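Source file coords_13.cif; content: mmCIF, C-alpha atoms.
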data_protein
#
loop_
_atom_site.label_atom_id
_atom_site.label_comp_id
_atom_site.auth_asym_id
_atom_site.auth_seq_id
_atom_site.Cartn_x
_atom_site.Cartn_y
_atom_site.Cartn_z
CA MET A 28 -27.17 20.11 -41.37
CA LYS A 29 -29.86 21.58 -43.60
CA LEU A 30 -30.21 24.92 -45.33
CA ASN A 31 -32.73 27.31 -43.81
CA TYR A 32 -34.59 28.00 -47.06
CA THR A 33 -36.93 30.59 -45.53
CA GLN A 34 -34.06 32.71 -44.24
CA THR A 35 -32.09 32.28 -47.48
CA ILE A 36 -35.09 33.43 -49.55
CA LEU A 37 -35.40 36.51 -47.31
CA ILE A 38 -31.66 37.22 -47.71
CA GLY A 39 -32.15 36.85 -51.46
CA LEU A 40 -34.63 39.74 -51.51
CA ALA A 41 -31.70 42.17 -51.68
CA PHE A 42 -30.34 40.44 -54.79
CA LEU A 43 -33.88 40.27 -56.23
CA SER A 44 -34.10 44.07 -56.00
CA ILE A 45 -30.66 44.49 -57.56
CA SER A 46 -31.49 42.14 -60.45
CA ALA A 47 -34.79 43.91 -61.09
CA PHE A 48 -32.95 47.22 -61.34
CA TRP A 49 -30.31 45.95 -63.79
CA GLN A 50 -32.86 44.21 -65.99
CA MET A 51 -34.73 47.49 -66.32
CA TYR A 52 -31.49 49.48 -66.71
CA ASP A 53 -30.12 47.31 -69.54
CA ASN A 54 -33.40 47.40 -71.45
CA ILE A 55 -34.59 50.98 -70.99
CA ILE A 56 -31.58 53.28 -70.56
CA PRO A 57 -30.21 52.61 -74.10
CA LEU A 58 -33.65 53.45 -75.53
CA ILE A 59 -33.76 56.74 -73.63
CA LEU A 60 -30.24 57.66 -74.75
CA LYS A 61 -31.07 56.92 -78.36
CA ASN A 62 -34.68 58.09 -78.70
CA SER A 63 -34.85 60.99 -76.23
CA PHE A 64 -31.34 62.40 -76.62
CA ASP A 65 -30.43 61.23 -80.15
CA LEU A 66 -27.09 59.75 -79.07
CA GLY A 67 -25.26 57.44 -81.46
CA GLU A 68 -24.54 53.77 -80.84
CA THR A 69 -20.91 54.40 -79.91
CA VAL A 70 -21.66 57.06 -77.29
CA THR A 71 -24.55 54.98 -75.96
CA GLY A 72 -22.22 51.97 -75.70
CA VAL A 73 -19.66 53.97 -73.74
CA ILE A 74 -22.31 55.20 -71.29
CA MET A 75 -23.73 51.68 -70.89
CA ALA A 76 -20.25 50.32 -70.15
CA ALA A 77 -19.79 52.83 -67.31
CA ASP A 78 -21.50 50.57 -64.76
CA ASN A 79 -19.00 47.76 -65.37
CA VAL A 80 -16.05 50.16 -65.20
CA LEU A 81 -17.30 51.71 -61.95
CA ALA A 82 -17.92 48.24 -60.55
CA LEU A 83 -14.21 47.40 -60.91
CA PHE A 84 -13.48 49.98 -58.20
CA LEU A 85 -16.69 50.29 -56.18
CA LEU A 86 -17.49 46.64 -55.48
CA PRO A 87 -14.20 45.59 -53.85
CA PHE A 88 -14.00 48.90 -51.95
CA PHE A 89 -17.47 48.75 -50.40
CA GLY A 90 -17.21 44.99 -49.89
CA SER A 91 -14.02 45.45 -47.90
CA LEU A 92 -15.42 48.48 -46.06
CA SER A 93 -18.47 46.48 -44.95
CA ASP A 94 -16.12 43.81 -43.53
CA ARG A 95 -14.74 46.44 -41.15
CA THR A 96 -18.13 47.94 -40.25
CA HIS A 97 -19.82 47.01 -36.96
CA THR A 98 -23.20 48.49 -36.03
CA LYS A 99 -26.28 47.50 -34.03
CA ILE A 100 -27.98 46.39 -37.24
CA GLY A 101 -24.98 44.48 -38.61
CA ARG A 102 -22.07 44.85 -41.02
CA ARG A 103 -23.92 44.64 -44.33
CA MET A 104 -27.33 46.09 -43.46
CA PRO A 105 -26.25 49.77 -43.23
CA PHE A 106 -24.89 49.57 -46.79
CA ILE A 107 -27.97 47.73 -48.06
CA LEU A 108 -30.39 50.25 -46.54
CA THR A 109 -28.40 53.35 -47.54
CA GLY A 110 -27.64 52.08 -51.05
CA THR A 111 -31.25 51.11 -51.71
CA GLY A 112 -32.61 54.42 -50.41
CA LEU A 113 -30.23 56.53 -52.50
CA SER A 114 -30.73 54.35 -55.57
CA VAL A 115 -34.51 54.72 -55.47
CA VAL A 116 -34.34 58.50 -55.01
CA PHE A 117 -31.98 58.94 -57.97
CA LEU A 118 -33.85 56.33 -60.00
CA LEU A 119 -37.07 58.36 -59.83
CA LEU A 120 -35.22 61.46 -61.06
CA LEU A 121 -34.22 59.74 -64.32
CA PRO A 122 -37.67 59.89 -65.98
CA VAL A 123 -37.93 63.53 -64.88
CA ALA A 124 -34.69 64.33 -66.73
CA ASP A 125 -35.93 62.28 -69.69
CA ARG A 126 -39.26 64.11 -69.78
CA ASN A 127 -37.48 67.50 -69.77
CA ARG A 128 -34.90 66.36 -72.36
CA ASN A 129 -32.14 67.56 -70.04
CA LEU A 130 -29.11 65.47 -71.01
CA PRO A 131 -26.58 66.92 -68.48
CA PHE A 132 -29.05 66.33 -65.65
CA PHE A 133 -29.81 62.83 -66.93
CA ILE A 134 -26.12 61.83 -67.12
CA THR A 135 -25.44 63.31 -63.66
CA VAL A 136 -28.33 61.41 -62.08
CA LEU A 137 -27.37 58.23 -63.96
CA PHE A 138 -23.86 58.47 -62.52
CA LEU A 139 -25.30 58.93 -59.01
CA VAL A 140 -27.57 55.90 -59.48
CA LEU A 141 -24.59 53.76 -60.48
CA LEU A 142 -22.63 54.96 -57.45
CA ALA A 143 -25.54 54.15 -55.14
CA MET A 144 -25.99 50.68 -56.65
CA GLY A 145 -22.27 50.04 -56.32
CA LEU A 146 -22.45 50.96 -52.64
CA TYR A 147 -24.52 47.94 -51.65
CA ARG A 148 -24.09 45.19 -54.25
CA SER A 149 -21.11 43.46 -52.61
CA PRO A 150 -22.53 43.77 -49.06
CA SER A 151 -25.86 42.34 -50.29
CA VAL A 152 -24.23 39.30 -51.87
CA ALA A 153 -21.85 38.85 -48.91
CA LEU A 154 -24.81 38.56 -46.54
CA MET A 155 -25.60 35.01 -47.72
CA PRO A 156 -22.19 33.47 -46.86
CA ASP A 157 -22.15 35.56 -43.67
CA LEU A 158 -25.29 33.81 -42.41
CA THR A 159 -24.97 30.38 -44.10
CA PRO A 160 -22.82 27.49 -42.79
CA LYS A 161 -19.95 26.78 -45.20
CA PRO A 162 -21.06 23.35 -46.48
CA LEU A 163 -24.45 24.82 -47.48
CA ARG A 164 -23.27 27.86 -49.41
CA SER A 165 -23.72 26.35 -52.87
CA LYS A 166 -27.34 25.55 -52.05
CA GLY A 167 -27.68 29.04 -50.59
CA ASN A 168 -26.21 30.61 -53.72
CA ALA A 169 -28.63 28.59 -55.86
CA VAL A 170 -31.53 30.18 -53.96
CA ILE A 171 -29.97 33.64 -54.31
CA ASN A 172 -29.60 33.18 -58.09
CA LEU A 173 -33.21 32.03 -58.29
CA MET A 174 -34.33 35.14 -56.41
CA GLY A 175 -32.33 37.24 -58.87
CA ALA A 176 -34.13 35.56 -61.75
CA VAL A 177 -37.47 36.42 -60.15
CA GLY A 178 -36.41 40.06 -59.96
CA GLY A 179 -35.43 40.04 -63.63
CA VAL A 180 -38.76 38.50 -64.66
CA TYR A 181 -40.63 41.12 -62.60
CA SER A 182 -38.90 43.91 -64.52
CA LEU A 183 -39.68 42.33 -67.89
CA ILE A 184 -43.36 42.05 -66.91
CA MET A 185 -43.44 45.68 -65.77
CA ILE A 186 -41.76 46.78 -69.02
CA ARG A 187 -44.43 44.91 -70.95
CA LEU A 188 -47.28 46.41 -68.91
CA LEU A 189 -46.14 49.96 -68.17
CA VAL A 190 -44.13 51.20 -71.16
CA GLY A 191 -46.47 53.05 -73.44
CA SER A 192 -46.43 53.41 -77.19
CA GLY A 193 -44.36 55.85 -79.21
CA ALA A 194 -40.63 56.48 -79.54
CA THR A 195 -40.45 58.45 -76.26
CA PRO A 196 -43.05 57.07 -73.80
CA ASP A 197 -43.37 58.21 -70.18
CA TYR A 198 -41.13 55.86 -68.20
CA PHE A 199 -42.06 57.19 -64.75
CA PRO A 200 -44.65 54.43 -63.97
CA LEU A 201 -42.05 51.77 -64.84
CA PHE A 202 -39.30 53.38 -62.77
CA LEU A 203 -41.74 53.81 -59.87
CA SER A 204 -42.68 50.11 -60.00
CA ILE A 205 -39.00 49.13 -59.79
CA GLY A 206 -38.35 51.60 -56.97
CA LEU A 207 -41.32 50.28 -54.97
CA LEU A 208 -40.10 46.69 -55.40
CA MET A 209 -36.63 47.67 -54.19
CA VAL A 210 -37.99 49.43 -51.09
CA LEU A 211 -40.45 46.61 -50.31
CA SER A 212 -37.85 43.85 -50.76
CA VAL A 213 -35.17 45.47 -48.61
CA GLY A 214 -37.77 46.52 -46.02
CA ILE A 215 -38.92 42.92 -45.60
CA LEU A 216 -35.28 41.79 -45.38
CA PHE A 217 -34.46 44.34 -42.68
CA PHE A 218 -37.47 43.51 -40.47
CA THR A 219 -37.21 39.72 -40.79
CA VAL A 220 -33.47 38.98 -40.76
CA LYS A 221 -31.56 40.25 -37.73
CA GLU A 222 -28.03 40.18 -39.11
CA ASN A 223 -26.02 40.24 -35.89
CA GLU A 224 -28.17 37.62 -34.19
CA GLU A 225 -28.13 35.27 -37.18
CA ALA A 226 -24.36 35.72 -37.61
CA ARG A 227 -23.80 34.64 -33.98
CA LYS A 228 -25.96 31.55 -34.55
CA LYS A 229 -24.04 30.63 -37.70
CA ASN A 230 -20.64 31.12 -36.04
CA ALA A 231 -21.69 28.91 -33.13
CA LEU A 232 -22.86 26.26 -35.58
CA ASN A 233 -19.65 26.39 -37.62
CA GLY A 234 -17.31 26.19 -34.62
CA PRO A 235 -13.55 25.54 -34.80
CA ALA A 236 -14.04 22.45 -36.98
CA GLN A 237 -15.33 24.63 -39.82
CA MET A 238 -12.36 27.03 -39.76
CA ASN A 239 -10.57 27.09 -43.11
CA ALA A 240 -6.94 28.00 -43.80
CA ALA A 241 -7.78 31.70 -44.10
CA ASP A 242 -9.63 31.72 -40.77
CA LYS A 243 -6.70 30.06 -39.03
CA ALA A 244 -4.25 32.47 -40.65
CA ALA A 245 -6.39 35.45 -39.59
CA ALA A 246 -6.63 34.10 -36.03
CA THR A 247 -2.84 33.88 -35.72
CA GLY A 248 -2.11 37.06 -37.68
CA ALA A 249 -0.32 35.05 -40.38
CA ALA A 250 -0.56 35.74 -44.11
CA LEU A 251 -2.56 33.47 -46.40
CA ALA A 252 -0.55 30.33 -47.18
CA PRO A 253 1.09 30.33 -50.66
CA ASP A 254 -0.90 27.30 -51.87
CA VAL A 255 -4.19 28.91 -50.75
CA ARG A 256 -3.24 32.20 -52.41
CA ARG A 257 -2.36 30.31 -55.59
CA SER A 258 -5.79 28.65 -55.58
CA LEU A 259 -7.45 32.04 -55.18
CA VAL A 260 -5.51 33.46 -58.14
CA PHE A 261 -6.44 30.53 -60.39
CA MET A 262 -10.05 30.68 -59.20
CA LEU A 263 -10.36 34.38 -60.05
CA LEU A 264 -8.61 33.81 -63.38
CA SER A 265 -11.07 31.00 -64.18
CA ILE A 266 -13.99 33.32 -63.37
CA ALA A 267 -12.66 35.95 -65.77
CA LEU A 268 -12.09 33.37 -68.53
CA TRP A 269 -15.54 31.79 -68.47
CA PHE A 270 -17.19 35.22 -68.29
CA ILE A 271 -15.13 36.23 -71.35
CA ALA A 272 -16.44 33.15 -73.16
CA TYR A 273 -20.08 33.38 -72.07
CA ASN A 274 -20.55 37.16 -72.31
CA ALA A 275 -19.15 37.22 -75.85
CA VAL A 276 -22.00 34.96 -76.99
CA THR A 277 -24.75 36.73 -75.04
CA THR A 278 -23.56 40.12 -76.31
CA ALA A 279 -23.14 39.24 -79.99
CA PHE A 280 -25.57 36.37 -80.53
CA SER A 281 -28.34 38.53 -82.00
CA ARG A 282 -25.95 39.88 -84.65
CA TYR A 283 -24.43 36.42 -85.28
CA ALA A 284 -27.85 34.79 -85.72
CA THR A 285 -28.90 37.52 -88.14
CA HIS A 286 -25.74 37.59 -90.29
CA VAL A 287 -24.72 33.90 -90.25
CA TRP A 288 -27.96 31.98 -89.75
CA GLY A 289 -30.26 34.50 -91.47
CA MET A 290 -32.73 34.63 -88.57
CA GLU A 291 -35.29 37.44 -88.74
CA ASN A 292 -37.96 39.07 -86.59
CA GLY A 293 -36.13 38.43 -83.33
CA GLY A 294 -36.20 34.66 -83.72
CA TYR A 295 -32.79 34.45 -82.04
CA ALA A 296 -34.45 35.38 -78.74
CA ASN A 297 -35.93 31.87 -78.53
CA CYS A 298 -32.46 30.34 -78.08
CA LEU A 299 -31.58 32.82 -75.34
CA MET A 300 -34.92 32.23 -73.64
CA VAL A 301 -34.33 28.46 -73.63
CA ALA A 302 -30.92 29.00 -71.99
CA THR A 303 -32.42 31.35 -69.38
CA VAL A 304 -35.29 29.00 -68.49
CA ALA A 305 -32.92 26.02 -68.33
CA ALA A 306 -30.65 27.94 -65.93
CA ILE A 307 -33.56 28.91 -63.68
CA ILE A 308 -34.84 25.34 -63.53
CA SER A 309 -31.33 24.06 -62.79
CA TYR A 310 -30.34 26.34 -59.88
CA ILE A 311 -31.81 24.31 -57.00
CA PRO A 312 -30.94 20.81 -58.38
CA ILE A 313 -27.37 21.95 -59.03
CA GLY A 314 -27.08 23.17 -55.46
CA ALA A 315 -28.02 19.66 -54.32
CA ILE A 316 -25.69 17.98 -56.84
CA SER A 317 -22.69 20.05 -55.76
CA SER A 318 -23.31 19.14 -52.12
CA HIS A 319 -22.84 15.49 -53.12
CA ILE A 320 -19.99 15.59 -55.66
CA GLY A 321 -18.34 18.88 -54.67
CA ARG A 322 -18.22 22.37 -56.15
CA LYS A 323 -15.08 21.95 -58.23
CA LYS A 324 -16.33 18.85 -60.07
CA THR A 325 -19.68 20.52 -60.74
CA ILE A 326 -17.95 23.60 -62.17
CA LEU A 327 -15.64 21.50 -64.35
CA ILE A 328 -18.64 19.62 -65.74
CA GLY A 329 -20.32 22.98 -66.48
CA VAL A 330 -17.25 24.44 -68.22
CA ALA A 331 -16.77 21.26 -70.30
CA LEU A 332 -20.43 21.34 -71.39
CA LEU A 333 -20.12 25.03 -72.24
CA ALA A 334 -17.09 24.39 -74.49
CA PHE A 335 -18.78 21.37 -76.13
CA CYS A 336 -21.99 23.27 -76.96
CA TYR A 337 -20.10 26.29 -78.34
CA LEU A 338 -18.01 23.94 -80.47
CA CYS A 339 -21.12 22.25 -81.88
CA ALA A 340 -22.87 25.58 -82.52
CA GLY A 341 -19.91 26.77 -84.57
CA PHE A 342 -20.52 24.05 -87.18
CA TYR A 343 -24.07 25.19 -87.98
CA ASN A 344 -24.49 27.22 -91.17
CA SER A 345 -28.13 27.99 -90.45
CA TYR A 346 -30.52 27.73 -87.55
CA HIS A 347 -31.85 24.27 -86.74
CA VAL A 348 -34.28 23.30 -84.01
CA THR A 349 -31.54 21.19 -82.35
CA MET A 350 -29.84 24.46 -81.38
CA ASN A 351 -32.48 24.76 -78.67
CA LEU A 352 -31.10 21.59 -77.11
CA PHE A 353 -27.57 23.01 -77.09
CA PHE A 354 -28.77 26.29 -75.57
CA GLY A 355 -30.69 24.35 -72.93
CA ILE A 356 -27.44 22.59 -72.03
CA ILE A 357 -25.64 25.96 -72.02
CA GLY A 358 -28.19 27.24 -69.49
CA PHE A 359 -27.62 24.20 -67.27
CA ALA A 360 -23.82 24.55 -67.62
CA TRP A 361 -23.86 28.25 -66.75
CA ALA A 362 -26.00 27.56 -63.70
CA ALA A 363 -23.54 24.83 -62.59
CA ILE A 364 -20.70 27.36 -62.85
CA ASN A 365 -22.55 30.30 -61.30
CA VAL A 366 -24.00 28.46 -58.33
CA ASN A 367 -20.60 27.16 -57.20
CA SER A 368 -17.98 29.72 -58.21
CA PHE A 369 -18.90 32.47 -55.75
CA PRO A 370 -19.07 30.05 -52.76
CA MET A 371 -15.61 28.75 -53.70
CA VAL A 372 -14.16 32.28 -53.59
CA VAL A 373 -15.66 33.13 -50.19
CA GLU A 374 -14.73 29.67 -48.88
CA ILE A 375 -11.09 30.65 -49.40
CA ALA A 376 -11.70 33.89 -47.48
CA SER A 377 -11.63 34.18 -43.72
CA SER A 378 -14.96 34.92 -42.06
CA GLY A 379 -13.86 38.55 -41.59
CA ASP A 380 -13.01 39.09 -45.27
CA VAL A 381 -16.14 37.82 -47.03
CA GLY A 382 -17.09 41.30 -48.30
CA LYS A 383 -13.60 41.92 -49.70
CA TYR A 384 -13.54 38.56 -51.48
CA THR A 385 -17.04 39.18 -52.82
CA GLY A 386 -15.55 42.34 -54.32
CA TYR A 387 -12.73 40.29 -55.86
CA TYR A 388 -15.29 38.00 -57.48
CA TYR A 389 -17.13 40.91 -59.05
CA THR A 390 -13.94 42.70 -60.07
CA PHE A 391 -12.83 39.78 -62.22
CA SER A 392 -16.28 39.00 -63.61
CA MET A 393 -16.92 42.67 -64.44
CA ALA A 394 -13.46 43.14 -65.95
CA ALA A 395 -14.19 40.24 -68.28
CA GLN A 396 -17.49 41.84 -69.30
CA VAL A 397 -15.68 45.09 -70.10
CA VAL A 398 -12.96 43.41 -72.17
CA THR A 399 -14.83 40.71 -74.10
CA PRO A 400 -17.34 42.86 -76.08
CA ILE A 401 -14.38 44.89 -77.36
CA LEU A 402 -12.11 41.94 -78.14
CA SER A 403 -14.77 39.67 -79.64
CA GLY A 404 -16.35 42.65 -81.42
CA TYR A 405 -13.04 43.45 -83.11
CA LEU A 406 -12.82 39.86 -84.42
CA LEU A 407 -16.42 39.94 -85.61
CA GLU A 408 -15.89 43.20 -87.49
CA HIS A 409 -12.40 42.69 -88.92
CA VAL A 410 -12.13 38.90 -89.33
CA SER A 411 -15.51 37.16 -89.51
CA TYR A 412 -18.70 36.57 -87.59
CA ARG A 413 -17.63 32.93 -87.66
CA THR A 414 -15.01 33.72 -85.02
CA LEU A 415 -17.66 34.04 -82.26
CA PHE A 416 -18.04 30.40 -81.19
CA PRO A 417 -14.36 29.41 -81.65
CA TYR A 418 -13.50 32.45 -79.51
CA SER A 419 -15.80 31.21 -76.75
CA VAL A 420 -14.54 27.63 -77.05
CA PHE A 421 -10.94 28.83 -76.66
CA PHE A 422 -11.62 30.76 -73.45
CA SER A 423 -13.85 28.00 -72.05
CA VAL A 424 -11.04 25.47 -72.52
CA LEU A 425 -8.58 27.85 -70.85
CA ALA A 426 -11.00 28.20 -67.92
CA PHE A 427 -11.22 24.41 -67.61
CA PHE A 428 -7.45 24.06 -67.25
CA THR A 429 -7.05 26.97 -64.82
CA MET A 430 -9.90 25.50 -62.76
CA LEU A 431 -8.01 22.21 -62.53
CA LEU A 432 -5.26 24.10 -60.68
CA VAL A 433 -7.65 25.30 -57.93
CA LYS A 434 -7.01 23.16 -54.83
CA HIS A 435 -8.99 25.07 -52.18
CA GLY A 436 -12.53 26.35 -51.69
CA ASP A 437 -14.32 23.10 -52.47
CA SER A 438 -17.06 21.70 -50.26
CA ARG A 439 -16.60 18.31 -48.70
CA PRO A 440 -19.78 16.19 -48.85
CA GLU A 441 -21.01 15.27 -45.39
CA LYS A 442 -20.38 11.68 -44.31
CA ARG A 443 -23.58 9.71 -43.84
CA GLY A 444 -24.27 7.60 -40.81
CA SER A 445 -25.24 4.57 -42.90
CA MET A 446 -25.32 3.42 -46.50
CA LEU A 447 -29.06 4.08 -46.70
CA GLU A 448 -28.56 7.75 -45.81
CA ASN A 449 -26.66 8.26 -49.07
CA PHE A 450 -30.03 7.99 -50.83
CA ASP A 451 -31.60 10.69 -48.67
CA VAL A 452 -31.85 13.77 -50.90
CA ASP A 453 -34.61 15.66 -49.09
CA ASP A 454 -32.14 18.33 -47.94
#

Conversion result in structure tokens:
Amino acid sequence: MKLNYTQTILIGLAFLSISAFWQMYDNIIPLILKNSFDLGETVTGVIMAADNVLALFLLPFFGSLSDRTHTKIGRRMPFILTGTGLSVVFLLLLPVADRNRNLPFFITVLFLVLLAMGLYRSPSVALMPDLTPKPLRSKGNAVINLMGAVGGVYSLIMIRLLVGSGATPDYFPLFLSIGLLMVLSVGILFFTVKENEEARKKNALNGPAQMNAADKAAATGAALAPDVRRSLVFMLLSIALWFIAYNAVTTAFSRYATHVWGMENGGYANCLMVATVAAIISYIPIGAISSHIGRKKTILIGVALLAFCYLCAGFYNSYHVTMNLFFGIIGFAWAAINVNSFPMVVEIASSGDVGKYTGYYYTFSMAAQVVTPILSGYLLEHVSYRTLFPYSVFFSVLAFFTMLLVKHGDSRPEKRGSMLENFDVDD
């Protein structure tokens, strides 16, 4: 059984469009709030946190709603098309509000954009496991993550090319370029991937042998078995813990590098770039590795490497070139975790609950990203900047131990027909 890479890349176009939007959003919206509307850092921070807060409610709701939706174009596609269309319309109103310096209009439209994006994020991500056989979902998720990275890079290039000079440039060309990418990506997805037809093919390929405990429980009307439910709880807890650890560093690293290591002129960005490039390079190989040793082992290796690198970084009193090595390992470790954690969550779900469980995944990851900037920020301000890496080590270690308690959702490597086939890695 081999992954259909062409189809998976096409499915990933939805996530590419989402990632392009958020890359632009995170970079440009704070600048508009500060430079166009003269809002302070605290108010800007509250507004920028709104997307994570809304996600706690929107993502599980629309994920679950899409599970129960049945149309001629599929379960997920109506949400993807509607969400993308509304998002682009509202997106193009933001530079208009900025140009007119109309703050109430800007905040209203921003809220509507966030609602529209929340409408289709879970259905978009759920489409991959919907159409991908269970043993191949880690490889599929690796491709989806890679497509997301492409979307993020596109936005950075457009920011570089289309944002003019001055404190308050005209952002309409940039917003238009993102909107066009979103429409083009989802349009190609809609016309090339027939959701209902591909879902029938996947279900026929899976067959009864691929039914997990949740599928069997759903078929008989029984509740999820206690041991399976316990694995789900520990899996979601692990997701929250490693996001708490990782997001603390990504959020505060620029301030840490400036205050503790004395780095100037944005030099800290090199470390983050190394981690990002390492993660992108690692996505596909990690998908192959996890198909051979299993998702759980791959995640545990990633969490252990994350804790080790944070521990080592905490001993540095100033920047040294070897930090690039540690950040490269951090990128690999984060990719190992990211590629496999979502497939483990939806593996526990029944085939009819993938959207709901996708919402669970994002609820716990988003909750962590709401909590950790506040908690780690308090320690940085009131204790010491030196608390950053020990903080992340502590939560990484906790995630390692909670992950050990997860007993379901792993992939079982396929048995080979002969010893020689174990060396066949072309899939």

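Between CA of Trp288 (chain A) and CA of Asn274 (chain A) the interatomic distance comes to 19.6 Å.
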
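One distance worth recording is that between CA of Asn168 (chain A) and CA of Phe280 (chain A), which is 27.4 Å.
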
Legend entry - Who sits within 12 Å of region 34-36 of chain A, all atoms listed in the file, same chain under 5 positions skipped, as a VMD selection string: chain A and resid 29 41 to 43 152 154 to 160 163 to 175 177 212 215 to 222 225

Inset, instruction - Could you expand the PyMOL selection byres ((chain A and resi 324-338) around 7) into the explicit residues it covers here, written as number ranges by chain? - result: A: 317, 320-323, 339-341, 353, 357, 360-361, 363-364, 367, 416-417, 419-420, 423-424, 427

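Matched in the shown structure by the PyMOL selection byres ((chain A and resi 128) around 12): Ile59, Leu60, Lys61, Asn62, Ser63, Phe64, Asp65, Leu121, Pro122, Val123, Ala124, Asp125, Arg126, Asn127, Asn129, Leu130, Pro131, Phe132, Phe133, Ile134, Thr195 and Asp197 of chain A.
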
Inset, instruction - Find the residues around region 208-210 of chain A up to 8 Å (all atoms listed in the file counted), leave out those fewer than 5 positions away in its own chain, and share them as a ChimeraX atom specification. - result: /A:41,44-45,111-112,115

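Minimum distance to Ser151 (chain A) across A:Ile356, A:Ala305, A:Met350, A:Ile38 (counting only C-alpha atoms) occurs at A:Ile38.
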
Inset, instruction - Would you write out, as a ChimeraX atom specification, every residue that the PyMOL selection byres ((chain A and resi 304) around 12) captures in this file? - result: /A:173,176-177,180,297-303,305-310,351,354-359,361-362

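For the pair CA of Gly214 (chain A) and CA of Phe202 (chain A), the interatomic distance is 18.2 Å.
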
Inset, instruction - Do a neighbour search on Tyr405 (chain A) at 12 Å with all atoms listed in the file, toss out local chain neighbours closer than 6 positions, and write the hits as a VMD selection string. - result: chain A and resid 275 279 398 to 399 411 to 412 414 to 415 418

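Taking all atoms listed in the file into account, Val260 (chain A) lies nearest to A:Tyr387 out of the set A:Tyr387, A:Thr96, A:Glu408, A:Gln396.
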
Legend entry - Shell around Arg148 (chain A) at 12 Å using all atoms listed in the file, local window under 4 positions removed, as a PyMOL selection string: chain A and resi 39+41-46+48-49+82+85-91+93+103-104+106-111+114+141-144+152-154+382-383+385-386+388-390

Would you give the centre and edge lengths, in Å to one decimal, of a box along x, y and z around the listed atoms of region 332-336 of chain A, with 3 Å added to each side, as JSON?
{"center_x": -19.5, "center_y": 23.2, "center_z": -74.2, "size_x": 10.9, "size_y": 9.7, "size_z": 11.6}
